[in-house]
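Shown next: upload.txt, given as compact mmCIF, C-alpha atoms.
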# COMPACT_ATOMS: atom_id res chain seq x y z
CA MET U 9 100.68 67.74 98.14
CA ASP U 10 97.18 67.34 96.76
CA SER U 11 95.60 69.98 94.55
CA ASP U 12 93.66 71.61 97.41
CA ALA U 13 96.80 72.04 99.50
CA LEU U 14 98.63 73.31 96.42
CA VAL U 15 96.01 76.00 95.85
CA ARG U 16 96.21 77.17 99.46
CA ALA U 17 100.01 77.31 99.39
CA LEU U 18 99.98 79.15 96.08
CA ALA U 19 97.49 81.70 97.42
CA ASP U 20 99.69 82.26 100.48
CA ALA U 21 102.78 82.78 98.32
CA LEU U 22 100.99 85.09 95.92
CA CYS U 23 99.69 87.28 98.73
CA ALA U 24 103.21 87.48 100.20
CA GLU U 25 104.70 88.54 96.86
CA ALA U 26 101.97 91.14 96.40
CA ALA U 27 102.62 92.61 99.83
CA ALA U 28 106.37 92.80 99.16
CA ALA U 29 105.91 94.44 95.75
CA ILE U 30 103.42 96.97 97.07
CA ALA U 31 105.69 97.82 100.01
CA ALA U 32 108.64 98.30 97.64
CA ARG U 33 107.02 100.00 94.65
CA GLY U 34 103.39 100.74 95.48
CA ALA U 35 102.01 98.34 92.88
CA PHE U 36 101.79 94.63 92.06
CA HIS U 37 101.64 93.45 88.45
CA LEU U 38 100.31 89.91 88.06
CA VAL U 39 99.82 87.83 84.91
CA LEU U 40 97.00 85.27 85.02
CA ALA U 41 96.71 81.86 83.37
CA GLY U 42 93.69 79.82 82.38
CA GLY U 43 92.90 76.26 83.44
CA SER U 44 91.13 74.35 86.19
CA THR U 45 93.81 74.77 88.89
CA PRO U 46 94.17 78.52 88.31
CA ARG U 47 90.37 78.71 88.51
CA ALA U 48 90.52 77.06 91.93
CA LEU U 49 93.24 79.53 92.94
CA TYR U 50 91.12 82.48 91.84
CA ALA U 51 88.18 81.13 93.83
CA GLU U 52 90.45 80.90 96.88
CA LEU U 53 91.63 84.49 96.35
CA ALA U 54 88.00 85.59 96.12
CA ARG U 55 87.21 83.73 99.36
CA ARG U 56 90.05 85.59 101.07
CA GLY U 57 89.00 88.98 99.67
CA VAL U 58 92.35 89.45 97.93
CA GLY U 59 93.10 92.41 95.65
CA ASP U 60 92.87 96.19 95.93
CA ALA U 61 93.79 99.38 94.10
CA ALA U 62 97.51 98.50 94.13
CA TRP U 63 96.94 95.39 92.00
CA HIS U 64 97.24 95.32 88.20
CA VAL U 65 96.14 92.18 86.37
CA TRP U 66 97.33 91.03 82.95
CA TYR U 67 97.01 87.83 80.92
CA GLY U 68 99.52 85.41 79.41
CA ASP U 69 97.31 84.33 76.54
CA GLU U 70 93.77 84.30 75.24
CA ARG U 71 91.51 82.51 72.80
CA CYS U 72 90.04 84.54 69.95
CA LEU U 73 86.45 84.25 71.07
CA ALA U 74 83.74 86.73 72.04
CA ALA U 75 84.70 88.79 75.08
CA ASP U 76 82.11 87.12 77.30
CA HIS U 77 82.66 83.58 76.02
CA PRO U 78 82.98 81.19 78.99
CA GLU U 79 86.12 79.61 77.49
CA ARG U 80 87.95 82.93 77.59
CA ASN U 81 90.58 83.09 80.34
CA SER U 82 89.47 86.61 81.21
CA ALA U 83 85.81 85.61 81.49
CA MET U 84 86.77 82.76 83.82
CA ALA U 85 88.97 84.97 86.01
CA GLU U 86 86.32 87.69 86.21
CA ALA U 87 83.66 85.19 87.26
CA ALA U 88 85.84 83.35 89.77
CA TRP U 89 87.61 86.31 91.38
CA LEU U 90 88.13 89.67 89.73
CA GLY U 91 84.49 90.68 89.51
CA LYS U 92 84.23 90.19 93.28
CA SER U 93 87.52 91.94 94.09
CA ALA U 94 88.42 95.54 94.88
CA ILE U 95 90.84 95.69 91.95
CA PRO U 96 89.65 98.61 89.80
CA GLU U 97 88.27 97.56 86.43
CA ALA U 98 90.68 99.97 84.74
CA GLN U 99 93.57 97.95 86.20
CA ARG U 100 92.32 94.64 84.81
CA TRP U 101 93.75 94.19 81.33
CA PRO U 102 92.10 91.37 79.36
CA MET U 103 93.53 90.68 75.93
CA PRO U 104 91.06 92.06 73.34
CA ALA U 105 91.17 88.77 71.44
CA GLU U 106 87.68 89.31 70.07
CA TYR U 107 89.37 91.69 67.57
CA GLY U 108 91.24 88.77 65.98
CA ALA U 109 94.79 87.67 66.66
CA ALA U 110 96.74 90.31 64.72
CA GLU U 111 94.85 93.37 65.94
CA ALA U 112 94.61 92.07 69.50
CA ALA U 113 98.35 91.43 69.62
CA ALA U 114 99.09 94.96 68.41
CA VAL U 115 96.69 96.55 70.91
CA TYR U 116 97.96 94.51 73.84
CA ALA U 117 101.58 95.30 72.98
CA ASP U 118 100.66 98.99 73.13
CA TRP U 119 99.01 98.51 76.54
CA LEU U 120 102.07 96.67 77.84
CA GLU U 121 104.15 99.80 77.38
CA ARG U 122 102.51 100.94 80.64
CA VAL U 123 104.36 98.30 82.66
CA ALA U 124 108.00 97.27 82.89
CA ASP U 125 108.68 93.85 84.40
CA PHE U 126 105.81 91.79 85.76
CA ASP U 127 106.13 90.80 89.41
CA VAL U 128 104.59 87.33 89.13
CA VAL U 129 103.47 85.37 86.06
CA LEU U 130 101.23 82.33 86.44
CA LEU U 131 101.56 79.78 83.65
CA GLY U 132 100.27 76.30 82.99
CA MET U 133 101.75 73.49 80.95
CA GLY U 134 100.00 71.29 78.40
CA GLU U 135 100.59 67.61 77.77
CA ASP U 136 102.72 68.60 74.76
CA GLY U 137 104.87 70.97 76.82
CA HIS U 138 103.17 74.14 75.61
CA THR U 139 102.73 77.11 77.91
CA ALA U 140 100.52 80.17 77.44
CA SER U 141 99.71 79.75 73.71
CA LEU U 142 103.29 78.93 72.74
CA PHE U 143 103.01 75.55 71.01
CA PRO U 144 105.59 73.11 69.66
CA GLY U 145 106.31 73.78 66.00
CA HIS U 146 105.31 77.46 66.26
CA ASP U 147 107.26 80.69 66.78
CA TRP U 148 107.68 81.23 70.51
CA GLY U 149 109.15 84.72 70.21
CA THR U 150 112.40 83.77 71.93
CA GLN U 151 114.70 86.37 70.38
CA PRO U 152 115.40 89.62 72.27
CA GLU U 153 113.92 91.57 69.35
CA SER U 154 110.75 89.45 69.29
CA PRO U 155 107.49 91.36 69.83
CA ASP U 156 105.97 91.33 73.30
CA VAL U 157 102.75 89.78 72.00
CA LEU U 158 102.29 87.14 69.32
CA ALA U 159 99.36 86.49 67.01
CA VAL U 160 98.95 82.70 67.01
CA TYR U 161 97.36 80.82 64.12
CA ASP U 162 96.83 77.10 63.52
CA ALA U 163 97.08 76.25 67.22
CA PRO U 164 96.78 72.48 67.73
CA LYS U 165 94.03 73.01 70.28
CA PRO U 166 90.78 74.82 69.44
CA PRO U 167 90.26 77.59 68.83
CA SER U 168 93.11 77.75 66.34
CA GLU U 169 93.45 81.54 66.57
CA ARG U 170 94.91 82.94 69.78
CA VAL U 171 97.02 85.71 71.29
CA SER U 172 100.01 85.07 73.56
CA LEU U 173 102.78 86.89 75.37
CA SER U 174 106.08 85.97 73.72
CA ALA U 175 108.84 84.05 75.45
CA ALA U 176 110.98 87.19 75.29
CA ARG U 177 108.35 89.23 77.15
CA LEU U 178 107.73 86.49 79.71
CA LYS U 179 111.45 86.26 80.47
CA ARG U 180 111.44 89.89 81.54
CA SER U 181 109.27 88.94 84.53
CA ALA U 182 110.64 88.71 88.06
CA ARG U 183 108.95 85.41 88.99
CA LEU U 184 107.52 82.76 86.73
CA TRP U 185 105.33 80.20 88.48
CA PHE U 186 104.19 77.17 86.53
CA VAL U 187 101.09 75.56 88.02
CA ILE U 188 101.03 71.93 86.88
CA THR U 189 98.56 69.36 88.14
CA GLY U 190 97.31 65.95 87.10
CA ALA U 191 98.93 62.69 86.03
CA SER U 192 98.50 63.56 82.34
CA LYS U 193 101.21 66.24 82.70
CA HIS U 194 103.86 63.87 84.11
CA ALA U 195 105.37 62.80 80.78
CA ALA U 196 105.87 66.39 79.62
CA LEU U 197 107.31 67.27 83.02
CA VAL U 198 109.90 64.50 82.66
CA ARG U 199 110.78 65.70 79.14
CA TRP U 200 111.25 69.21 80.53
CA GLN U 201 113.42 67.93 83.38
CA HIS U 202 115.59 66.05 80.88
CA GLY U 203 116.29 69.25 78.97
CA GLU U 204 114.16 68.67 75.90
CA ARG U 205 113.46 71.82 73.92
CA LEU U 206 109.84 72.56 74.69
CA PRO U 207 107.93 75.84 74.91
CA VAL U 208 107.84 75.47 78.69
CA SER U 209 111.65 75.27 78.78
CA ALA U 210 112.04 78.47 76.74
CA VAL U 211 110.78 80.79 79.48
CA HIS U 212 112.11 81.54 82.94
CA GLY U 213 111.88 84.33 85.48
CA LYS U 214 114.65 86.83 86.12
CA ALA U 215 114.63 86.11 89.87
CA GLU U 216 112.77 82.82 90.17
CA THR U 217 111.24 80.01 88.14
CA VAL U 218 109.11 77.57 90.14
CA ALA U 219 107.00 74.58 89.14
CA TRP U 220 104.10 74.17 91.57
CA LEU U 221 103.15 70.50 91.31
CA ASP U 222 100.56 68.25 92.87
CA VAL U 223 101.43 64.65 93.67
CA ALA U 224 99.72 63.31 90.55
CA ALA U 225 101.85 65.44 88.21
CA TRP U 226 105.00 64.57 90.12
CA ARG U 227 104.46 60.82 90.27
CA GLY U 228 102.39 60.33 87.16
CA ALA U 229 99.62 58.49 88.99
Could I get this file's structure written as C-alpha cells?
Amino acid sequence: MDSDALVRALADALCAEAAAAIAARGAFHLVLAGGSTPRALYAELARRGVGDAAWHVWYGDERCLAADHPERNSAMAEAAWLGKSAIPEAQRWPMPAEYGAAEAAAVYADWLERVADFDVVLLGMGEDGHTASLFPGHDWGTQPESPDVLAVYDAPKPPSERVSLSAARLKRSARLWFVITGASKHAALVRWQHGERLPVSAVHGKAETVAWLDVAAWRGA
C-alpha cells in the first residue's frame, strides 16, 4: 500500500486497540515515535478527533534539545495531534530531555513506575537498523536487569545526546508496531529479515510484533 493508505490503516488499528484496552482495563497506554510517517498518523488522529481521558501517551525516545524545539518528538506530536486532542495534559508524558540525558533518563524511569506494560508502542527504523535511539555499536539495554530508560551519548545522528527506552522495557509491551516507509529503509529491512543482529531485531512485543510497510520500503523502489 502507499503511505497514505498505510496511515489510514494504522489509524484504524490503533483506534481498535485503544477501544479494546479501555473496555478491558479502563485505560490505554501508547508510546509515540518521531518521524514523517508518524507525523502523518498523528495528523490523521487529530482529523478524526481521537483521544480522551482514558488515553495515556508516552515516548520511545527523545533528543536532548529545548522542550519546545521543533525537532523534539514531543513538540511534533503536540503540534500535530495532542494539543488538539481531549487527552489531559497530565496524561501526556514527554521525556524531559532538556535536563540532559542522565537526569532525563532517571526522571523518566521514575515516571514509568506509574505504568506496567504498554498497550501499543510505535517505533520507526533507521537506515542502519536503529530503532528509538538504540543505535548499532551502543548499549541497547537488552538484559532483564537493564534500566527502563537509557542515557544515550555519541549518537551517530545529531544531536549526539538523547534519551531512549531500553530494549528490555520495550519488550514488556503488549504490541510493538514498527512503521517503516521509503525505499531507503529496504536494505535494513532485508538485513532484519535475514536475522542480522540489529537494534530493531532486539525488541519485540509480548503479544504481537508487526512491521507496517509501504510499497517503497517493501520493494526498495
field: Top pick for closest residue to Phe186 (chain U), considering U:His64, U:His212, U:Arg16, U:Arg55 and counting all atoms listed in the file
entry: U:His212
message: Set the distance at 10 Å and use only C-alpha atoms: which residues neighbour region 88-96 of chain U once local chain neighbours fewer than 3 positions away are removed? I'd like the list as number ranges by chain.
response: U: 46-65, 82-85, 99-100
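A straight line drawn from CA of Leu14 (chain U) to CA of Leu38 (chain U) is 18.7 Å long.
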Mind running region 149-172 of chain U against region 124-139 of chain U at 12 Å and telling me each contacting residue's nearest atom pair with the distance in Å (one decimal), counting all atoms listed in the file, chain and number ascending, as a tab-separated table?
residue	atom	partner	partner_atom	distance
U:Asp156	CA	U:Ala124	CA	11.5
U:Ala163	CA	U:His138	CA	10.6
U:Pro164	CA	U:Asp136	CA	10.0
U:Lys165	CA	U:Gly134	CA	10.2
U:Ser172	CA	U:Thr139	CA	9.5
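Closest approach to Asp118 (chain U) from the set U:Ala195, U:Gln201, U:Met103, U:Leu22 is made by U:Met103, with distances taken over only C-alpha atoms.
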Using only C-alpha atoms, what residues lie at most 12 Å away from (107.1, 80.2, 74.4) (file coordinates), given as a tab-separated table (two decimals) with C-alpha atoms, in the coordinates of the input?
chain	number	residue	atom	x	y	z
U	68	GLY	CA	99.52	85.41	79.41
U	69	ASP	CA	97.31	84.33	76.54
U	131	LEU	CA	101.56	79.78	83.65
U	132	GLY	CA	100.27	76.30	82.99
U	133	MET	CA	101.75	73.49	80.95
U	137	GLY	CA	104.87	70.97	76.82
U	138	HIS	CA	103.17	74.14	75.61
U	139	THR	CA	102.73	77.11	77.91
U	140	ALA	CA	100.52	80.17	77.44
U	141	SER	CA	99.71	79.75	73.71
U	142	LEU	CA	103.29	78.93	72.74
U	143	PHE	CA	103.01	75.55	71.01
U	144	PRO	CA	105.59	73.11	69.66
U	145	GLY	CA	106.31	73.78	66.00
U	146	HIS	CA	105.31	77.46	66.26
U	147	ASP	CA	107.26	80.69	66.78
U	148	TRP	CA	107.68	81.23	70.51
U	149	GLY	CA	109.15	84.72	70.21
U	150	THR	CA	112.40	83.77	71.93
U	151	GLN	CA	114.70	86.37	70.38
U	154	SER	CA	110.75	89.45	69.29
U	156	ASP	CA	105.97	91.33	73.30
U	157	VAL	CA	102.75	89.78	72.00
U	158	LEU	CA	102.29	87.14	69.32
U	160	VAL	CA	98.95	82.70	67.01
U	171	VAL	CA	97.02	85.71	71.29
U	172	SER	CA	100.01	85.07	73.56
U	173	LEU	CA	102.78	86.89	75.37
U	174	SER	CA	106.08	85.97	73.72
U	175	ALA	CA	108.84	84.05	75.45
U	176	ALA	CA	110.98	87.19	75.29
U	177	ARG	CA	108.35	89.23	77.15
U	178	LEU	CA	107.73	86.49	79.71
U	179	LYS	CA	111.45	86.26	80.47
U	205	ARG	CA	113.46	71.82	73.92
U	206	LEU	CA	109.84	72.56	74.69
U	207	PRO	CA	107.93	75.84	74.91
U	208	VAL	CA	107.84	75.47	78.69
U	209	SER	CA	111.65	75.27	78.78
U	210	ALA	CA	112.04	78.47	76.74
U	211	VAL	CA	110.78	80.79	79.48
U	212	HIS	CA	112.11	81.54	82.94
statement: Pairwise distance, CA of Asp162 (chain U) with CA of Arg180 (chain U), equals 26.5 Å
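The two atoms in question, CA of Ala35 (chain U) and CA of Arg183 (chain U), are spaced 15.2 Å apart.
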Using all atoms of region 195-200 of chain U listed in the file and a margin of 6 Å per side, can you give the axis-aligned box centre and edge lengths in Å to one decimal, as lines of an AutoDock Vina configuration file?
center_x = 108.3
center_y = 66.0
center_z = 81.1
size_x = 17.9
size_y = 18.4
size_z = 15.9
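The shortest atom-to-atom distance to Asp222 (chain U), with only C-alpha atoms taken into account, belongs to U:Asp12 out of U:Glu153, U:Glu25, U:Glu169, U:Asp12.
Proximity to Ala98 (chain U) was assessed for U:Ala26, U:Ala31, U:Gly213, U:Trp119 counting all atoms listed in the file; the smallest distance is recorded for U:Trp119.
Between Ala112 (chain U) and the candidates U:Ala215, U:Gly190, U:Pro78, U:Glu70, the tightest atom-to-atom separation, counting all atoms listed in the file, involves U:Glu70.
Take the candidates U:Asn81, U:Thr189, U:Ser181, U:Ser44 and check each one against Val223 (chain U) using all atoms listed in the file; the shortest distance goes to U:Thr189.
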